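Just below is one structure, and these are the notes that go with it.
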Amino acid sequence: MTNTKRITSQSVFSFGIASLAAILLGCTLAASAQAPVPDSPAIEAKAHSMVAKLTLEQKIELLGGMDGMFTHAAPAIGLPRFKMSDASVGVRTWGPTTAYAGGVALAAAWGPALARKTRESLGKDARARSVNFLLGPGVNIARSPIAGRNFEYLSEDPYLNATLVVPFIEGVQSQGVIATVKHYAVNSQEYNRHNVSTEVDERTLREIYLPAFEAAVTKGHVDAVMNSYNLINDVHATQNEFLNLKVLKGEWGFPSILMSDWDATYDTVGAANNGLDLEMPSPRFMNAKGLLAAVKDGTVKESTIDDKVLRLVRTALRYGFLDRPQFDPADSTYSVADRAIALEGALESLTLLKNEGHLLPLDPAKVKTIAIIGPNAYPAVTGGGGSSQAQAFEPVSILTGIANLLGPGTHVLYSRGLPEMNDIFRNTHWEGGVKMAIFPSGDFTGTPETATLPTLGEFQRERRGPRDETPHSIRYTASYKAAKAGKYLILAAFQSWGGDQFTMTVDGKQLAMPPHVEGQVPPFWTLDLNAGQTVNVVAECVTRSPGVRFSMGITYEPELISAEAREIAAKADVAVVAAGFTSATEGEGSDRTFALPWGQDALIEAVAAANPHTIVTLTGGGGMDTRPWLGKVPALLHTYYPGQEGGTAVAEVLFGKHNPEGKLPVSFDRSWEENPSAAYYYPVKGADTALHVTEPGRPPVDYVIPHVKYDDGLMVGYRYWTTTGKHPLYPFGFGLSYTTFSFTKPAVPATAASGSTVPVSFDVTNTGKVAGAEVAQLYVSDPSSKVKRPERELKGFKKVRLAPGETKHVTLNLDARAFSYWDAAAHKWSINPGKFVILVGDSSENTPLKAELTLK
Ligand code: BGC
């Protein structure tokens, strides 16, 4: 819809100055009626005059959210409240929606145009639900494969993130919806995310963790930023002067709204004076009680409050929020066109990692019987868990996607292969039930509340408030009698806030808990039992959480994989095992394991043993452990979380209707231990500090602050692998196609002035027999650098779509930043003149074509 359509002669008179200024400016608004207009003297004058009409109390009221997902209104100046929604894969919070390939899947598509297109649709979906703020994109660096929210974020590479975040934001904001880049900053783990202090040096911050935020602000002109939960170098993000005032609002000139993550604020004066504009979801700290006193005693200036309110009002004027309804009936709540866009996103992201003997693409005419097996085959797994989890309209599962593509002539057999986790919890027969004792202390002292439960599945104890100051301890005691001799799996599931402690013993022996078992993936252990043997299980938990989910159960391992799964695998021409994570096993609030969820390795092995034509599809936010079975299966397809059309996309790729074109946006490690961050992932032992927090009107709370030292520094993902000369299982940027491509040697000028833009050009040819897309990747190496730098860094890429035999010429321009490093002593970007090597290829490891250049 164009602007002209929306403005009638009558409505012009009721339009605010912002809109009139926009009409006069013409530019952005001419392209779309919805897009925000740039700031202008007229908008500034109007915003100032509106703020001047508010009392201090009214201004303070605007600094905190309300009703979970709204800003406060200021009726005195006609400012309505603004509605928010989470947004990583679809417009969450307000009912069902179209779920697109989001986060890491979108990054695997390496397509700025696709990012723009899908996010325009997301913006329209938001308007159709009256949403003013979309709480995304998340752009934290995927530093470790176990980090629970990688699926919402983009990649391990700052350049790829910085490139994709711009069209992402432009797409959303072009529809008159504010995008919110999050979580600022260095929130690359979920483990203890509320309390942990991330210790990171400035060079690593600038080169790895900040570029996507910088691009979001300086190139994408994002109008909201969300601070993270964690502390950065000992200071909470929401009161971090360096990040918020010096960098974001100072160096990058961010003119709009800096909001907190939900309950991530810890200090009234600290937050008010260090850049936080909006405390979400409610003003626990930036409220009248705290701020009126602070203004009165001079610790917070009224002008500081005014600046925050101005940012909200200015942004609202620029978006025309005061002049038009946010609900736009021109945008469909459900649209078939959006389904096509969601499908495009999934198709472009699916990444083929293994295709031995060219098993794929399958010929639909030759597949008479297909076995589709595994917990991720049905229902569709569209996204991970937590605040991003959108309820998708009509999601297509892998099972239904394949069946739809093959049509009625093909015999489709399905088995989940494994029981549901909750069925194991529910079906475990505990002798005499599970005894539960809840103590009013953190050390199992005091008089407990007790109960006996028949089984233990998803226990949740509701407590007041988002977080309770006083710890309490829970003990579950149960006995299990083995009916048969053999191996038994004991499974447990925890979900809690970081910092809670869980322990389990069997017959007094503690079960080994790797540190990452706070993840939602149920940890499991094997017990060897005799027929009739009884074991005593004790599980303990010390927590401050508002609710604790704890479940446990025992199952007989030889009966874990269903007989049907083995049978149908053996009968079929080809078997697909859909494995990986789901919203129940990978999501916000905790990290996940590197190993696949329980039973899946054994399931893949069993199917592969029954059928040599076994294809594995994986769902998840990044790498996972494939060692137990990779050598036994000929084909592997990574689907990330492909959104609601994922099943159709998988079918189209497996049967060659679409040539796979996704490229890994993260290095795919063999093991979690070999990931460069593994040694530095958890807090330094014995380095905890205490934090005393006083929330206005509530008793003070002492928090324990663990410290995580990012001593892997710049060596994140492929930077580590290429610098050390070692190799992950599959490198960053890798992905197979059904065709082949060739590149010519890149042409670069022999010399150039430091700071000038350097063009690099080369040809890409499709040398195979089918159409396909290749992502040409350009890495820069600085061998003559005086400071230690990663061996190579991605500084350009281009997705090229080619018919068989076709060649396209690609030119990529390298700006000054492409050659720069952050000079820690001078606190600025610098270039070391001298020799640079330009490497071009199809992954971070396969760059056979090089050219040299000297910067003077
Ligand atoms: C998440 C944010 C999210 C917010 C609102 C928080 O728990 O960390 O990413 O936007 O909730 O749902």
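Each chain in the structure tokens gets a letter, A, B and so on, in the order shown; residues start at 1 in every chain, and ligands are counted from 1 in the order they appear.
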Using only C-alpha atoms and all ligand atoms, what are the residues with an atom within 6 Å of ligand 1, set out as a PyMOL selection string?
chain A and resi 86+135+261-262+387
If DSSP is run on the backbone, what residues of segment 267-332 of chain A are helix (DSSP H, G or I)? A reply as a VMD selection string would be ideal.
chain A and resid 268 to 273 288 to 296 302 to 318
Please provide as JSON, numbers by chain all residues within 6 Å of segment 170-185 of chain A, with the sequence filter that same-chain residues fewer than 3 positions apart are discarded (counting only C-alpha atoms).
{"A": [34, 35, 36, 116, 119, 120, 123, 132, 133, 134, 135, 136, 137, 138, 167, 223, 224, 225, 226, 227, 228, 319]}
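All residues of protein, DNA or RNA that reach within 6 Å of Ser551 of chain A, judged by only C-alpha atoms and not counting those fewer than 5 positions away in the chain, are Leu456, Gly457, Glu458, Ala492 and Ala493 of chain A.
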Would you mind exporting the chosen residues as an mmCIF file, in the first residue's frame, restricted to N, CA and C atoms?
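That gives us result_33.cif:
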data_model
loop_
_atom_site.group_PDB
_atom_site.id
_atom_site.type_symbol
_atom_site.label_atom_id
_atom_site.label_comp_id
_atom_site.auth_asym_id
_atom_site.auth_seq_id
_atom_site.Cartn_x
_atom_site.Cartn_y
_atom_site.Cartn_z
ATOM 1 N N LEU A 456 6.615 -39.156 38.895
ATOM 2 C CA LEU A 456 7.152 -37.802 38.931
ATOM 3 C C LEU A 456 7.318 -37.273 37.508
ATOM 4 N N GLY A 457 6.320 -36.528 37.078
ATOM 5 C CA GLY A 457 6.396 -35.905 35.757
ATOM 6 C C GLY A 457 6.028 -34.456 35.884
ATOM 7 N N GLU A 458 6.974 -33.560 35.500
ATOM 8 C CA GLU A 458 6.706 -32.119 35.452
ATOM 9 C C GLU A 458 6.145 -31.556 36.745
ATOM 10 N N ALA A 492 16.091 -38.169 33.632
ATOM 11 C CA ALA A 492 15.582 -37.090 34.492
ATOM 12 C C ALA A 492 15.413 -35.840 33.631
ATOM 13 N N ALA A 493 14.509 -34.986 33.993
ATOM 14 C CA ALA A 493 14.363 -33.705 33.288
ATOM 15 C C ALA A 493 14.263 -32.608 34.325
#
Given only C-alpha atoms as the counted atoms, nearest of A:Lys856, A:Lys835, A:Arg193, A:Arg324 to Ala147 of chain A
A:Arg193
Contact residues around Ile341 of chain A with only C-alpha atoms at 7 Å, ignoring same-chain residues under 4 positions, as an MDAnalysis selection string:
chainID A and resid 118 337 345
Tell me, which residues of segment 684-840 of chain A carry DSSP strand (DSSP E), written as number ranges by chain?
A: 689-693, 701-705, 707-709, 741-743, 751-752, 758-766, 772-781, 793-802, 807-814, 821-823, 828-830, 834-840
